[in-house]
Amino acid sequence: MVQSIILSGLAIGCIYALIAITYNVMFSASRVFSFTAGTLGMAGGVLGSLFIARMGLPVAVGFLLALAGGAVLGIVTEIVAVRPVLKSLDQHLYVLSTLALALMIQQFTAIEWSTEPQPFPRLFDIARGGFDQQFWLPMLACAAVIVGLELLYRHTLIGHAFLAIAEDNFAARALGLPERRLRMASFALAGVIGALAGFAGGEMLLAFFANAPMLTFYGFVPVALGGMGNNRGAVIAGLLLGLFQQTANFLVGGIFASVAVFTVFIVVLLARPEGLAGSALRRHV
């Protein structure tokens, strides 16, 4: 029982961490907190089930198509819900624009796909065991994303450009960096990461349109606890959240587990508003 709680907690925690990284990647490029992150995760699971289970495509092809679908949704988010807001005097309208787009995608999925959870295919034809693929696939995906982002940001020109617009988009624009194209590429990258979270966690979460609001909230918690823009903090907070949630499910179950998560979340933010791994903002007068 303890092994099951730990494995499921780490696996679901990795999914939450990937959604948190999706939030961070979109935020760093635009300073817009897009509420489509959980929807991108839901889309990854639905598209994976569509391409592999329903259409019978090979796993590798279905995987690439699901990630491509996430990238397209990320670009659509930037064009439809973010770019118009950045031109507005009241930039906090992104709360409404990104949430509206997320709800539209969620409802379209419910109509065209199903309102009931659909099975997600086994990706590898291997016997089930204690450390099953439904547990290690999200862990592998999370590790690959963290390593990939570190290599991208530290050792590539486009990664340095991403960091530049994240640090100061006005200065980056003055230096001649193509801010709009970089922002669109960053949202496409976020779409790939979000879709990867839903695809890797498909066996645990199933292909279900209602995963979108669940991932939107539980993916936000590691962002808040880990510190905005801090991917390493998001991973640590995501793993802790997953372990705590699964333990609470075992001890109290049902809605009480969610209440426990909300309570701890609020208490931690009251104690450290900047997050567990974040640093307090300094005001210069």
# chains A, B, ... in the order shown; residues from 1 in each chain; ligands from 1
$ residues_around --residues "region 184-186 of chain A" --least-positions-apart "2" --cutoff "10 Å" --atoms "only C-alpha atoms" --output "list in words"
Thr22, Val25, Met26, Phe27, Ser28, Ala29, Ser30, Ala71, Gly74, Ile75, Val76, Thr77, Glu78, Ile79, Val82, Arg83, Ile158, Gly159, Phe162, Glu179, Arg180, Arg181, Leu182, Ala188, Leu189, Ala190, Gly191 and Val192 of chain A
$ residues_around --residues "Ala53 (chain A)" --least-positions-apart "3" --cutoff "10 Å" --atoms "only C-alpha atoms" --output "compact mmCIF listing (two decimals) with N, CA, C and O atoms, in the first residue's frame"
# COMPACT_ATOMS: atom_id res chain seq x y z
N LEU A 47 -5.91 13.62 -27.60
CA LEU A 47 -5.32 13.42 -28.92
C LEU A 47 -4.55 12.11 -28.99
O LEU A 47 -4.58 11.41 -30.01
N GLY A 48 -3.86 11.76 -27.90
CA GLY A 48 -3.15 10.49 -27.88
C GLY A 48 -4.09 9.31 -28.04
O GLY A 48 -3.84 8.38 -28.81
N SER A 49 -5.21 9.34 -27.31
CA SER A 49 -6.20 8.27 -27.42
C SER A 49 -6.85 8.26 -28.80
O SER A 49 -7.11 7.20 -29.37
N LEU A 50 -7.10 9.45 -29.35
CA LEU A 50 -7.71 9.54 -30.68
C LEU A 50 -6.82 8.92 -31.74
O LEU A 50 -7.27 8.08 -32.54
N GLY A 56 -5.84 3.96 -34.78
CA GLY A 56 -4.94 2.83 -34.96
C GLY A 56 -3.55 3.18 -35.47
O GLY A 56 -2.87 2.32 -36.03
N LEU A 57 -3.12 4.42 -35.26
CA LEU A 57 -1.78 4.82 -35.71
C LEU A 57 -0.72 4.24 -34.77
O LEU A 57 -1.00 3.94 -33.60
N PRO A 58 0.50 4.05 -35.27
CA PRO A 58 1.59 3.60 -34.38
C PRO A 58 1.80 4.58 -33.23
O PRO A 58 1.52 5.78 -33.34
N VAL A 59 2.31 4.05 -32.13
CA VAL A 59 2.48 4.86 -30.94
C VAL A 59 3.37 6.07 -31.21
O VAL A 59 3.06 7.19 -30.79
N GLY A 62 1.40 8.64 -33.25
CA GLY A 62 0.38 9.26 -32.41
C GLY A 62 0.99 10.21 -31.40
O GLY A 62 0.42 11.28 -31.12
N GLN A 118 -12.58 8.19 -21.46
CA GLN A 118 -12.27 7.17 -22.44
C GLN A 118 -10.91 6.55 -22.12
O GLN A 118 -10.02 7.22 -21.61
N PRO A 119 -10.76 5.25 -22.39
CA PRO A 119 -9.48 4.59 -22.05
C PRO A 119 -8.32 5.13 -22.88
O PRO A 119 -8.50 5.54 -24.02
N PHE A 120 -7.16 5.14 -22.26
CA PHE A 120 -5.94 5.52 -22.96
C PHE A 120 -5.14 4.25 -23.23
O PHE A 120 -5.02 3.39 -22.36
N PRO A 121 -4.60 4.10 -24.43
CA PRO A 121 -3.95 2.82 -24.78
C PRO A 121 -2.65 2.59 -24.02
O PRO A 121 -1.97 3.55 -23.62
N ARG A 122 -2.31 1.31 -23.84
CA ARG A 122 -1.00 0.96 -23.30
C ARG A 122 0.04 1.28 -24.37
O ARG A 122 -0.05 0.84 -25.51
$ residues_around --residues "Ala20 (chain A)" --least-positions-apart "4" --cutoff "7 Å" --atoms "only C-alpha atoms" --output "number ranges by chain"
A: 16, 24, 219-220, 222-223, 234
$ closest_residue --among "A:Gln106, A:Leu73, A:Val2, A:His160" --to "Met214 (chain A)" --atoms "only C-alpha atoms"
A:Gln106
$ closest_residue --among "A:Ala127, A:Val32, A:Leu103, A:Leu270" --to "Met228 (chain A)" --atoms "only C-alpha atoms"
A:Val32
$ atom_distance --atom1 "CA of Ala257 (chain A)" --atom2 "CA of Ala197 (chain A)"
22.4 Å
$ closest_residue --among "A:Ala37, A:Leu67, A:Leu239, A:Ala110" --to "Leu196 (chain A)" --atoms "only C-alpha atoms"
A:Leu67
$ closest_residue --among "A:Thr216, A:Ala210, A:Phe187, A:Phe199" --to "Ala60 (chain A)" --atoms "only C-alpha atoms"
A:Phe199
$ select_by_dssp --residues "region 31-259 of chain A" --states "alpha helix (DSSP H)" --output "PyMOL selection string"
chain A and resi 37-48+59-76+83-86+94-112+133-155+157-167+169-174+179-200+202-205+211-226+231-251+254-259
$ residues_around --residues "Pro178 (chain A)" --least-positions-apart "5" --cutoff "10 Å" --atoms "only C-alpha atoms" --output "PyMOL selection string"
chain A and resi 161+165+172-173+183
